[in-house]
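Source file: final_29.pdb (PDB, C-alpha atoms)
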ATOM      1  CA  MET A  29      -2.542  41.063 -46.241
ATOM      2  CA  LYS A  30       0.806  40.693 -44.509
ATOM      3  CA  LYS A  31       0.386  36.922 -44.377
ATOM      4  CA  THR A  32      -0.334  36.770 -48.105
ATOM      5  CA  LEU A  33       2.737  38.821 -48.892
ATOM      6  CA  ILE A  34       4.913  36.634 -46.723
ATOM      7  CA  THR A  35       3.499  33.475 -48.300
ATOM      8  CA  LEU A  36       4.103  34.866 -51.799
ATOM      9  CA  PHE A  37       7.636  35.874 -50.923
ATOM     10  CA  VAL A  38       8.416  32.496 -49.437
ATOM     11  CA  ALA A  39       6.930  30.658 -52.409
ATOM     12  CA  THR A  40       8.986  32.753 -54.820
ATOM     13  CA  ALA A  41      12.109  32.295 -52.777
ATOM     14  CA  VAL A  42      11.620  28.543 -52.641
ATOM     15  CA  GLY A  43      11.116  28.419 -56.385
ATOM     16  CA  ILE A  44      14.243  30.415 -57.099
ATOM     17  CA  THR A  45      16.516  28.577 -54.727
ATOM     18  CA  ALA A  46      15.220  25.062 -55.363
ATOM     19  CA  ALA A  47      17.826  24.377 -58.055
ATOM     20  CA  ALA A  48      20.659  25.998 -56.158
ATOM     21  CA  LEU A  49      20.066  24.620 -52.673
ATOM     22  CA  VAL A  50      22.452  21.674 -52.925
ATOM     23  CA  ALA A  51      25.485  23.887 -53.354
ATOM     24  CA  ASP A  52      24.369  26.980 -51.532
ATOM     25  CA  ASP A  53      24.070  26.802 -47.793
ATOM     26  CA  HIS A  54      24.154  30.522 -47.061
ATOM     27  CA  ASP A  55      20.655  31.766 -47.710
ATOM     28  CA  GLU A  56      19.196  32.194 -44.254
ATOM     29  CA  ARG A  57      15.615  32.866 -45.207
ATOM     30  CA  ASN A  58      15.322  29.790 -47.403
ATOM     31  CA  GLU A  59      17.469  27.384 -45.426
ATOM     32  CA  SER A  60      14.511  26.109 -43.539
ATOM     33  CA  HIS A  61      12.692  25.158 -46.723
ATOM     34  CA  ASP A  62      15.265  22.952 -48.388
ATOM     35  CA  ARG A  63      15.383  19.258 -47.845
ATOM     36  CA  GLU A  64      19.029  19.249 -46.837
ATOM     37  CA  HIS A  65      19.913  15.785 -47.955
ATOM     38  CA  HIS A  66      23.518  16.838 -47.616
ATOM     39  CA  GLY A  67      22.765  18.554 -44.337
ATOM     40  CA  ASP A  68      21.418  15.389 -42.801
ATOM     41  CA  HIS A  69      24.744  13.670 -43.144
ATOM     42  CA  ASP A  70      27.139  16.338 -42.077
ATOM     43  CA  ASP A  71      27.486  17.871 -38.660
ATOM     44  CA  ASP A  72      28.545  21.159 -37.201
ATOM     45  CA  ARG A  73      32.201  21.849 -37.513
ATOM     46  CA  GLY A  74      34.509  20.291 -35.076
ATOM     47  CA  ARG A  75      32.113  17.690 -33.737
ATOM     48  CA  GLY A  76      32.973  15.008 -36.273
ATOM     49  CA  GLY A  77      30.384  12.257 -36.513
ATOM     50  CA  ASN A  78      28.150  13.300 -33.635
ATOM     51  CA  ARG A  79      24.418  13.463 -33.996
ATOM     52  CA  GLY A  80      21.728  15.358 -32.155
ATOM     53  CA  GLY A  81      21.671  15.145 -28.406
ATOM     54  CA  GLY A  82      22.726  11.562 -27.853
ATOM     55  CA  SER A  83      26.254  10.819 -28.916
ATOM     56  CA  SER A  84      27.329  14.452 -28.693
ATOM     57  CA  TYR A  85      27.852  14.315 -24.931
ATOM     58  CA  PRO A  86      28.118  10.675 -23.890
ATOM     59  CA  ALA A  87      30.045  11.189 -20.666
ATOM     60  CA  ASP A  88      28.535  14.512 -19.702
ATOM     61  CA  ALA A  89      26.945  14.198 -16.277
ATOM     62  CA  GLN A  90      24.579  17.034 -17.006
ATOM     63  CA  TYR A  91      23.355  15.261 -20.136
ATOM     64  CA  VAL A  92      22.699  12.100 -18.154
ATOM     65  CA  LEU A  93      20.709  14.178 -15.681
ATOM     66  CA  TYR A  94      18.839  15.927 -18.500
ATOM     67  CA  LYS A  95      17.886  12.642 -20.118
ATOM     68  CA  ALA A  96      16.744  11.153 -16.808
ATOM     69  CA  GLU A  97      14.701  14.143 -15.670
ATOM     70  CA  CYS A  98      13.426  15.445 -19.001
ATOM     71  CA  GLY A  99      13.106  12.203 -20.920
ATOM     72  CA  GLY A 100      10.546  10.596 -18.648
ATOM     73  CA  CYS A 101       7.416  11.837 -20.366
ATOM     74  CA  HIS A 102       8.766  12.576 -23.852
ATOM     75  CA  ILE A 103      12.071  12.191 -25.640
ATOM     76  CA  ALA A 104      14.914  14.318 -24.325
ATOM     77  CA  TYR A 105      14.762  16.885 -27.108
ATOM     78  CA  PRO A 106      18.214  17.908 -28.390
ATOM     79  CA  PRO A 107      19.146  21.247 -26.798
ATOM     80  CA  SER A 108      20.424  22.529 -30.142
ATOM     81  CA  MET A 109      16.839  22.659 -31.402
ATOM     82  CA  LEU A 110      16.030  25.801 -29.402
ATOM     83  CA  PRO A 111      17.910  29.015 -28.604
ATOM     84  CA  ALA A 112      18.973  29.690 -25.028
ATOM     85  CA  SER A 113      16.202  32.246 -24.562
ATOM     86  CA  SER A 114      13.545  29.593 -25.188
ATOM     87  CA  TRP A 115      15.168  27.152 -22.776
ATOM     88  CA  GLN A 116      15.399  29.871 -20.128
ATOM     89  CA  ASP A 117      11.723  30.715 -20.489
ATOM     90  CA  MET A 118      10.804  27.050 -20.256
ATOM     91  CA  MET A 119      12.966  26.334 -17.198
ATOM     92  CA  GLY A 120      11.460  29.335 -15.474
ATOM     93  CA  ALA A 121       7.932  27.993 -15.818
ATOM     94  CA  LEU A 122       8.130  24.264 -15.126
ATOM     95  CA  GLU A 123       4.983  24.293 -13.000
ATOM     96  CA  ASN A 124       3.129  24.942 -16.238
ATOM     97  CA  HIS A 125       5.062  22.938 -18.766
ATOM     98  CA  PHE A 126       2.789  22.795 -21.810
ATOM     99  CA  GLY A 127      -0.144  22.150 -19.491
ATOM    100  CA  ASP A 128       1.658  19.685 -17.260
ATOM    101  CA  ASN A 129       3.701  20.077 -14.086
ATOM    102  CA  ALA A 130       7.387  19.337 -14.545
ATOM    103  CA  GLU A 131       8.775  20.902 -11.392
ATOM    104  CA  LEU A 132      12.269  19.964 -10.283
ATOM    105  CA  ASP A 133      14.205  20.593  -7.105
ATOM    106  CA  ALA A 134      16.362  23.716  -7.370
ATOM    107  CA  PRO A 135      19.829  22.099  -7.681
ATOM    108  CA  THR A 136      18.627  19.736 -10.439
ATOM    109  CA  ALA A 137      16.859  22.518 -12.293
ATOM    110  CA  GLU A 138      19.984  24.639 -12.155
ATOM    111  CA  GLN A 139      22.198  21.901 -13.575
ATOM    112  CA  ILE A 140      19.784  21.215 -16.388
ATOM    113  CA  ALA A 141      19.367  24.901 -17.183
ATOM    114  CA  LEU A 142      23.145  25.250 -17.471
ATOM    115  CA  PHE A 143      23.313  22.222 -19.738
ATOM    116  CA  LEU A 144      20.594  23.531 -22.021
ATOM    117  CA  GLU A 145      22.057  26.982 -22.223
ATOM    118  CA  ARG A 146      25.520  25.644 -23.048
ATOM    119  CA  ASN A 147      24.210  23.403 -25.824
ATOM    120  CA  ALA A 148      21.462  25.596 -27.236
ATOM    121  CA  ALA A 149      21.077  26.598 -30.879
ATOM    122  CA  GLY A 150      23.740  29.020 -31.990
ATOM    123  CA  LYS A 151      26.341  27.811 -29.501
ATOM    124  CA  GLY A 152      28.227  25.714 -32.041
ATOM    125  CA  LEU A 153      27.510  22.390 -30.391
ATOM    126  CA  GLY A 154      25.057  19.715 -31.436
ATOM    127  CA  GLU A 155      23.575  18.655 -34.738
ATOM    128  CA  TYR A 156      21.007  21.422 -35.131
ATOM    129  CA  SER A 157      22.890  24.320 -33.617
ATOM    130  CA  GLU A 158      23.768  26.123 -36.838
ATOM    131  CA  ARG A 159      20.757  25.298 -38.978
ATOM    132  CA  SER A 160      18.250  25.988 -36.274
ATOM    133  CA  TRP A 161      19.959  29.242 -35.320
ATOM    134  CA  ARG A 162      20.204  30.488 -38.891
ATOM    135  CA  ALA A 163      16.511  29.846 -39.445
ATOM    136  CA  THR A 164      15.499  31.705 -36.301
ATOM    137  CA  ARG A 165      14.184  35.121 -37.232
ATOM    138  CA  ASP A 166      14.875  37.931 -34.805
ATOM    139  CA  ARG A 167      16.926  35.477 -32.767
ATOM    140  CA  ARG A 168      13.904  34.640 -30.631
ATOM    141  CA  ALA A 169      11.908  31.488 -30.955
ATOM    142  CA  PRO A 170       8.836  30.015 -29.299
ATOM    143  CA  ILE A 171       9.450  27.452 -26.565
ATOM    144  CA  ARG A 172       7.667  24.805 -28.582
ATOM    145  CA  ILE A 173      10.162  23.188 -30.956
ATOM    146  CA  THR A 174       7.451  22.241 -33.423
ATOM    147  CA  GLN A 175       6.600  25.915 -33.851
ATOM    148  CA  THR A 176      10.118  27.041 -34.664
ATOM    149  CA  ASP A 177      10.953  28.256 -38.160
ATOM    150  CA  TYR A 178      13.444  25.470 -38.701
ATOM    151  CA  PHE A 179      11.095  22.703 -37.637
ATOM    152  CA  ARG A 180       8.202  23.984 -39.702
ATOM    153  CA  GLY A 181      10.449  24.230 -42.700
ATOM    154  CA  GLN A 182      11.522  20.636 -42.305
ATOM    155  CA  HIS A 183       8.006  19.254 -41.851
ATOM    156  CA  HIS A 184       5.751  21.445 -43.959
ATOM    157  CA  GLU A 185       5.247  18.703 -46.544
ATOM    158  CA  ILE A 186       3.844  16.195 -44.088
ATOM    159  CA  PRO A 187       0.041  16.019 -44.419
ATOM    160  CA  ALA A 188      -2.086  16.290 -41.292
ATOM    161  CA  ASN A 189      -3.620  12.862 -41.720
ATOM    162  CA  MET A 190      -0.196  11.324 -41.096
ATOM    163  CA  VAL A 191       0.313  13.193 -37.836
ATOM    164  CA  SER A 192      -2.583  14.821 -36.006
ATOM    165  CA  GLY A 193      -5.041  12.576 -37.814
ATOM    166  CA  ASN A 194      -2.940   9.487 -37.153
ATOM    167  CA  PRO A 195      -3.887   7.703 -33.891
ATOM    168  CA  ASP A 196      -0.385   6.210 -33.660
ATOM    169  CA  VAL A 197       1.281   9.618 -33.846
ATOM    170  CA  GLY A 198      -1.089  12.367 -32.729
ATOM    171  CA  SER A 199       1.344  15.245 -32.651
ATOM    172  CA  PHE A 200       4.580  16.442 -34.238
ATOM    173  CA  SER A 201       5.927  16.650 -30.695
ATOM    174  CA  ARG A 202       6.116  12.871 -30.592
ATOM    175  CA  CYS A 203       9.298  12.738 -32.632
ATOM    176  CA  ASP A 204      10.019   9.108 -31.868
ATOM    177  CA  ALA A 205       6.686   7.997 -33.320
ATOM    178  CA  CYS A 206       8.199   8.498 -36.797
ATOM    179  CA  HIS A 207      11.886   9.148 -36.230
ATOM    180  CA  ARG A 208      12.726   5.671 -35.014
ATOM    181  CA  SER A 209      16.170   6.642 -33.706
ATOM    182  CA  ALA A 210      15.118   9.917 -32.091
ATOM    183  CA  ASP A 211      16.176   8.655 -28.674
ATOM    184  CA  GLU A 212      19.747   8.553 -29.949
ATOM    185  CA  GLY A 213      19.471  12.037 -31.390
ATOM    186  CA  ASP A 214      19.173  10.769 -34.964
ATOM    187  CA  PHE A 215      16.464  12.553 -36.956
ATOM    188  CA  ASP A 216      17.793  11.688 -40.384
ATOM    189  CA  GLU A 217      15.022  11.595 -42.959
ATOM    190  CA  HIS A 218      16.066   8.116 -44.031
ATOM    191  CA  GLY A 219      15.293   6.781 -40.591
ATOM    192  CA  VAL A 220      11.685   7.955 -40.752
ATOM    193  CA  SER A 221       8.890   5.412 -40.730
ATOM    194  CA  ILE A 222       5.424   6.871 -40.227
ATOM    195  CA  PRO A 223       3.094   4.410 -38.440
ATOM    196  CA  GLY A 224       0.529   3.167 -40.931
ATOM    197  CA  TYR A 225       2.306   4.770 -43.885
ATOM    198  CA  GLY A 226       5.904   3.562 -43.868
ATOM    199  CA  ARG A 227       9.031   5.346 -45.048
ATOM    200  CA  TRP A 228       8.943   8.988 -46.079
ATOM    201  CA  ASP A 229      10.282   9.174 -49.618
ATOM    202  CA  ASP A 230      10.490  12.506 -51.332
TER     203      ASP A 230
ATOM    204  CA  MET B   7      23.861 -28.985   0.577
ATOM    205  CA  LYS B   8      24.072 -26.958  -2.616
ATOM    206  CA  SER B   9      20.311 -26.464  -2.734
ATOM    207  CA  LEU B  10      20.384 -25.310   0.879
ATOM    208  CA  ILE B  11      22.937 -22.629   0.033
ATOM    209  CA  VAL B  12      20.881 -21.541  -2.948
ATOM    210  CA  VAL B  13      17.744 -21.327  -0.853
ATOM    211  CA  HIS B  14      19.608 -19.397   1.806
ATOM    212  CA  LEU B  15      20.983 -16.959  -0.763
ATOM    213  CA  LEU B  16      17.595 -16.529  -2.354
ATOM    214  CA  PHE B  17      15.958 -15.883   0.988
ATOM    215  CA  SER B  18      18.637 -13.399   2.003
ATOM    216  CA  SER B  19      18.371 -11.490  -1.252
ATOM    217  CA  LEU B  20      14.610 -11.354  -0.960
ATOM    218  CA  VAL B  21      14.851 -10.024   2.568
ATOM    219  CA  PHE B  22      17.481  -7.539   1.529
ATOM    220  CA  ALA B  23      15.471  -6.357  -1.454
ATOM    221  CA  GLY B  24      12.426  -6.001   0.703
ATOM    222  CA  THR B  25      14.390  -4.055   3.272
ATOM    223  CA  ALA B  26      15.860  -1.740   0.655
ATOM    224  CA  ARG B  27      12.432  -0.887  -0.649
ATOM    225  CA  ALA B  28      10.984  -0.530   2.850
ATOM    226  CA  ASP B  29      13.661   2.028   3.739
ATOM    227  CA  ALA B  30      12.509   4.683   1.278
ATOM    228  CA  VAL B  31       8.858   4.191   2.141
ATOM    229  CA  ASP B  32       9.535   4.057   5.868
ATOM    230  CA  ASP B  33      11.638   7.205   5.688
ATOM    231  CA  LEU B  34       8.802   9.079   4.108
ATOM    232  CA  LEU B  35       6.217   7.680   6.525
ATOM    233  CA  VAL B  36       8.348   8.809   9.448
ATOM    234  CA  GLU B  37       8.510  12.252   7.913
ATOM    235  CA  TYR B  38       4.756  12.383   7.367
ATOM    236  CA  ARG B  39       4.088  11.283  10.952
ATOM    237  CA  GLY B  40       6.412  14.047  12.049
ATOM    238  CA  GLN B  41       4.149  16.425  10.172
ATOM    239  CA  GLY B  42       1.140  15.207  12.153
ATOM    240  CA  ALA B  43      -0.214  12.580   9.773
ATOM    241  CA  GLY B  44      -1.179   8.979  10.587
ATOM    242  CA  PRO B  45      -2.342   6.385  11.207
ATOM    243  CA  PHE B  46      -2.297   5.373   7.542
ATOM    244  CA  ASN B  47      -4.709   3.111   5.736
ATOM    245  CA  ALA B  48      -4.261   1.197   2.476
ATOM    246  CA  SER B  49      -7.992   1.149   1.653
ATOM    247  CA  THR B  50      -8.172   4.911   2.024
ATOM    248  CA  GLY B  51      -5.148   5.129  -0.258
ATOM    249  CA  GLU B  52      -6.799   2.930  -2.840
ATOM    250  CA  ALA B  53     -10.008   4.971  -2.822
ATOM    251  CA  PHE B  54      -7.945   8.121  -3.261
ATOM    252  CA  TRP B  55      -6.124   6.502  -6.156
ATOM    253  CA  GLN B  56      -9.376   5.840  -7.981
ATOM    254  CA  ARG B  57     -10.966   9.226  -7.344
ATOM    255  CA  ARG B  58     -11.469  11.864 -10.027
ATOM    256  CA  PHE B  59     -10.422  15.368  -9.077
ATOM    257  CA  PRO B  60     -11.279  18.703 -10.681
ATOM    258  CA  SER B  61      -7.836  19.990 -11.566
ATOM    259  CA  VAL B  62      -6.543  23.553 -12.046
ATOM    260  CA  ASP B  63      -7.865  24.013 -15.561
ATOM    261  CA  GLY B  64     -11.198  22.406 -14.709
ATOM    262  CA  VAL B  65     -10.293  19.113 -16.314
ATOM    263  CA  GLN B  66     -11.276  16.034 -14.302
ATOM    264  CA  ARG B  67      -8.238  13.895 -13.619
ATOM    265  CA  ALA B  68      -7.428  10.688 -11.797
ATOM    266  CA  CYS B  69      -4.194   8.837 -11.119
ATOM    267  CA  THR B  70      -5.535   5.977 -13.189
ATOM    268  CA  ASP B  71      -5.699   8.194 -16.303
ATOM    269  CA  CYS B  72      -1.993   7.599 -16.822
ATOM    270  CA  HIS B  73      -1.202   4.668 -14.555
ATOM    271  CA  THR B  74      -4.327   2.659 -15.539
ATOM    272  CA  ASP B  75      -6.520   0.573 -13.236
ATOM    273  CA  ASP B  76      -3.997  -2.245 -13.160
ATOM    274  CA  LEU B  77      -0.774  -1.157 -11.473
ATOM    275  CA  LYS B  78       1.059  -4.209 -12.726
ATOM    276  CA  ARG B  79       0.643  -3.064 -16.307
ATOM    277  CA  SER B  80       2.386  -0.250 -18.155
ATOM    278  CA  GLY B  81       0.558   3.023 -18.405
ATOM    279  CA  ARG B  82       0.733   5.931 -20.857
ATOM    280  CA  HIS B  83       1.261   9.638 -20.361
ATOM    281  CA  ALA B  84      -2.108  11.264 -21.063
ATOM    282  CA  VAL B  85      -0.616  13.917 -23.347
ATOM    283  CA  THR B  86       2.652  12.645 -24.779
ATOM    284  CA  GLY B  87       1.673   9.004 -25.006
ATOM    285  CA  LYS B  88       5.018   7.933 -23.556
ATOM    286  CA  ALA B  89       4.933   4.534 -21.870
ATOM    287  CA  ILE B  90       4.999   4.577 -18.077
ATOM    288  CA  GLU B  91       6.488   1.512 -16.434
ATOM    289  CA  PRO B  92       4.261  -0.390 -14.009
ATOM    290  CA  LEU B  93       3.892   1.256 -10.624
ATOM    291  CA  ALA B  94       3.362  -1.928  -8.624
ATOM    292  CA  PRO B  95       6.581  -2.902  -6.793
ATOM    293  CA  SER B  96       5.667  -6.524  -7.437
ATOM    294  CA  ALA B  97       5.922  -5.874 -11.179
ATOM    295  CA  ASN B  98       8.704  -3.297 -11.110
ATOM    296  CA  ALA B  99      11.418  -3.600  -8.481
ATOM    297  CA  LYS B 100      12.602  -0.023  -8.998
ATOM    298  CA  ARG B 101       9.363   1.452  -7.679
ATOM    299  CA  LEU B 102       9.169   2.905  -4.164
ATOM    300  CA  SER B 103      12.928   2.541  -3.698
ATOM    301  CA  ASP B 104      14.172   6.058  -4.350
ATOM    302  CA  ARG B 105      12.946   8.677  -1.952
ATOM    303  CA  ARG B 106      13.896  11.631  -4.140
ATOM    304  CA  GLN B 107      12.044  10.185  -7.122
ATOM    305  CA  MET B 108       8.974   9.506  -5.012
ATOM    306  CA  GLU B 109       8.898  13.052  -3.675
ATOM    307  CA  LYS B 110       9.400  14.478  -7.163
ATOM    308  CA  TRP B 111       6.519  12.530  -8.676
ATOM    309  CA  PHE B 112       4.228  13.153  -5.701
ATOM    310  CA  LYS B 113       4.766  16.870  -6.102
ATOM    311  CA  ARG B 114       4.320  17.001  -9.851
ATOM    312  CA  ASN B 115       1.504  14.536 -10.214
ATOM    313  CA  CYS B 116      -0.562  15.651  -7.229
ATOM    314  CA  LYS B 117      -0.353  19.199  -8.479
ATOM    315  CA  TRP B 118      -1.369  18.207 -11.971
ATOM    316  CA  THR B 119      -4.086  15.765 -10.944
ATOM    317  CA  LEU B 120      -5.512  17.436  -7.880
ATOM    318  CA  GLY B 121      -4.509  21.018  -8.563
ATOM    319  CA  ARG B 122      -2.573  21.066  -5.277
ATOM    320  CA  GLU B 123       0.059  19.123  -3.412
ATOM    321  CA  CYS B 124      -1.080  15.981  -1.634
ATOM    322  CA  THR B 125      -1.158  16.254   2.139
ATOM    323  CA  PRO B 126       1.168  14.073   4.248
ATOM    324  CA  GLN B 127      -1.879  12.013   5.247
ATOM    325  CA  GLU B 128      -2.853  11.413   1.623
ATOM    326  CA  LYS B 129       0.689  10.490   0.653
ATOM    327  CA  GLY B 130       1.010   8.098   3.582
ATOM    328  CA  ASP B 131      -2.262   6.369   2.695
ATOM    329  CA  LEU B 132      -1.133   6.110  -0.917
ATOM    330  CA  LEU B 133       2.175   4.545   0.088
ATOM    331  CA  PHE B 134       0.381   2.046   2.305
ATOM    332  CA  PHE B 135      -1.745   1.098  -0.690
ATOM    333  CA  LEU B 136       0.995   1.092  -3.329
ATOM    334  CA  ARG B 137       3.592  -0.912  -1.441
ATOM    335  CA  ASN B 138       1.277  -3.916  -1.238
ATOM    336  CA  GLU B 139       0.575  -3.924  -4.977
TER     337      GLU B 139
END
Represent the structure of the file as structure tokens.
Amino acid sequence: MKKTLITLFVATAVGITAAALVADDHDERNESHDREHHGDHDDDRGRGGNRGGGSSYPADAQYVLYKAECGGCHIAYPPSMLPASSWQDMMGALENHFGDNAELDAPTAEQIALFLERNAAGKGLGEYSERSWRATRDRRAPIRITQTDYFRGQHHEIPANMVSGNPDVGSFSRCDACHRSADEGDFDEHGVSIPGYGRWDD
Amino acid sequence: MKSLIVVHLLFSSLVFAGTARADAVDDLLVEYRGQGAGPFNASTGEAFWQRRFPSVDGVQRACTDCHTDDLKRSGRHAVTGKAIEPLAPSANAKRLSDRRQMEKWFKRNCKWTLGRECTPQEKGDLLFFLRNE
């Protein structure tokens, strides 16, 4: 019953704000459902021209460490995609990291934890800090980026056969399978090419 | 004369490279012997490499699941699909040269594959096997 009500509310909200979304960036509940063509090209205030996790901190030693240690098995996800609480939970359970073991020696883990906390969603740094934070209900998010409100809002139109049913993709967690510049922190919709399907054109 | 210098330089660099790699492996072997392990055996290491282990969640895992049967080729992470550079030092000069990296991956991957840390004996045998690949 609750799910139906929520779905109805969301559908109504989307319908009402669809025409106004280009100009209006303030509606928290619906932010995650707009396509944000304008949002993809701007960045959080004061960071002029930076994108995602790559170019935002080019000389930051902690970023270099993060990319080396946390980009070995998957892309180094931009810290601004999760709130600090999610990063803390994740760093506290590396021996069971989504079913794998990602343990680090204590000094390295500490440096990375500091880096993630400093650049998490809501801290004003990084491409997704504001949008991700605004979309986060109750200010707590899961530790899995693909389950966050913001992510789901951005990807809800993608059919399963292009992702989980696509042998060249498999999971939404494999950002770089479709976002060809994900390694540089660029997740712009125009840079998307889904293996076997091509560009994503709305 | 020129070719002699070139040959000499080549030889020196090969020796140096070999020494650099041997240092990290030797350091670890010394440590393992200090922990009571040894003598080490490459064939034992290879058999261990191929074995399937029942891991923590009951899933059967082997090193080859990600690194493949051919160490000179790239592998793939079993879950994320990310490419893993060849493990054979002959195909990838970076391998077995950084002690900290080796210890990190031993810890993580033994725990994930075996459900426990590898013993010093097992690690020594593995190094004996891997460094000849």
At a cut-off of 12 Å, which residues of chain B touch chain A? Count all atoms listed in the file and give the answer as a PyMOL selection string. chain B and resi 61-63+65+72+81-91+106-107+109-123
Residue contacts of region 35-52 of chain B (7 Å, all atoms listed in the file) excluding same-chain residues fewer than 6 positions away, as a list in words: Pro126, Gln127, Glu128, Gly130, Asp131, Leu132, Phe134 and Phe135 of chain B
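Taking CA of Arg172 (chain A) and CA of His207 (chain A) as endpoints, the distance between them is 17.9 Å.
Remark: for Pro187 (chain A), the closest of the candidate residues A:Asp211, A:His125, A:Pro106, A:Tyr225 is A:Tyr225 (distances computed over only C-alpha atoms).
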Please list as a VMD selection string every residue within 9 Å of region 107-117 of chain A, counting only C-alpha atoms and excluding residues in the same chain fewer than 6 positions away. chain A and resid 80 to 81 141 143 to 161 164 167 to 173 176 178 to 179
Between CA of Asn98 (chain B) and CA of Ala96 (chain A), what is the distance in Å, rounded to a tenth? 17.5 Å
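Between CA of Gly64 (chain B) and CA of Thr174 (chain A) the separation is 26.4 Å.
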Name the residues that the PyMOL selection byres ((chain B and resi 79) around 9) pulls out of this structure, and write them as a PyMOL selection string. chain B and resi 73-78+80-81+90-94+97
For Pro195 (chain A), find every residue with an atom within 10 Å (counting all atoms listed in the file), except residues of its own chain fewer than 5 positions away, and show them as an NGL selection string. :A and (189-190 or 223-224)
Store the residues picked out above, limited to C-alpha atoms, as a tab-separated table (two decimals), in the coordinates of the input.
chain	number	residue	atom	x	y	z
A	189	ASN	CA	-3.62	12.86	-41.72
A	190	MET	CA	-0.20	11.32	-41.10
A	223	PRO	CA	3.09	4.41	-38.44
A	224	GLY	CA	0.53	3.17	-40.93
Tell me which of A:Pro135, A:Gly219, A:Gly226, A:Gly193 sits closest to Gln90 (chain A), counting only C-alpha atoms. A:Pro135
Which residue, B:Ser9, B:Arg101, B:Gln66, B:Phe54, has the smallest gap to Thr125 (chain B) when you use all atoms listed in the file? B:Phe54
Can you complete the atoms of region 38-53 of chain B to N, CA and C atoms and list them as an mmCIF file, in the frame of the given file?
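To be explicit, this is the file written out as out_5.cif:
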data_model
loop_
_atom_site.group_PDB
_atom_site.id
_atom_site.type_symbol
_atom_site.label_atom_id
_atom_site.label_comp_id
_atom_site.auth_asym_id
_atom_site.auth_seq_id
_atom_site.Cartn_x
_atom_site.Cartn_y
_atom_site.Cartn_z
ATOM 1 N N TYR B 38 6.163 11.974 7.370
ATOM 2 C CA TYR B 38 4.756 12.383 7.367
ATOM 3 C C TYR B 38 4.176 12.353 8.783
ATOM 4 N N ARG B 39 4.583 11.342 9.567
ATOM 5 C CA ARG B 39 4.088 11.283 10.952
ATOM 6 C C ARG B 39 4.595 12.488 11.724
ATOM 7 N N GLY B 40 5.838 12.868 11.412
ATOM 8 C CA GLY B 40 6.412 14.047 12.049
ATOM 9 C C GLY B 40 5.647 15.312 11.714
ATOM 10 N N GLN B 41 4.938 15.266 10.576
ATOM 11 C CA GLN B 41 4.149 16.425 10.172
ATOM 12 C C GLN B 41 2.710 16.326 10.669
ATOM 13 N N GLY B 42 2.458 15.323 11.523
ATOM 14 C CA GLY B 42 1.140 15.207 12.153
ATOM 15 C C GLY B 42 0.190 14.229 11.490
ATOM 16 N N ALA B 43 0.662 13.527 10.468
ATOM 17 C CA ALA B 43 -0.214 12.580 9.773
ATOM 18 C C ALA B 43 -0.175 11.202 10.434
ATOM 19 N N GLY B 44 -1.108 10.328 10.040
ATOM 20 C CA GLY B 44 -1.179 8.979 10.587
ATOM 21 C C GLY B 44 -2.356 8.855 11.536
ATOM 22 N N PRO B 45 -2.811 7.631 11.827
ATOM 23 C CA PRO B 45 -2.342 6.385 11.207
ATOM 24 C C PRO B 45 -2.762 6.296 9.735
ATOM 25 N N PHE B 46 -2.052 5.475 8.969
ATOM 26 C CA PHE B 46 -2.297 5.373 7.542
ATOM 27 C C PHE B 46 -3.090 4.128 7.211
ATOM 28 N N ASN B 47 -3.796 4.184 6.096
ATOM 29 C CA ASN B 47 -4.709 3.111 5.736
ATOM 30 C C ASN B 47 -4.662 2.820 4.243
ATOM 31 N N ALA B 48 -4.397 1.572 3.892
ATOM 32 C CA ALA B 48 -4.261 1.197 2.476
ATOM 33 C C ALA B 48 -5.566 1.343 1.706
ATOM 34 N N SER B 49 -6.695 1.033 2.339
ATOM 35 C CA SER B 49 -7.992 1.149 1.653
ATOM 36 C C SER B 49 -8.300 2.600 1.335
ATOM 37 N N THR B 50 -7.979 3.475 2.268
ATOM 38 C CA THR B 50 -8.172 4.911 2.024
ATOM 39 C C THR B 50 -7.301 5.342 0.850
ATOM 40 N N GLY B 51 -6.065 4.826 0.838
ATOM 41 C CA GLY B 51 -5.148 5.129 -0.258
ATOM 42 C C GLY B 51 -5.687 4.665 -1.592
ATOM 43 N N GLU B 52 -6.267 3.479 -1.587
ATOM 44 C CA GLU B 52 -6.799 2.930 -2.840
ATOM 45 C C GLU B 52 -7.980 3.757 -3.342
ATOM 46 N N ALA B 53 -8.854 4.151 -2.432
ATOM 47 C CA ALA B 53 -10.008 4.971 -2.822
ATOM 48 C C ALA B 53 -9.536 6.302 -3.406
#
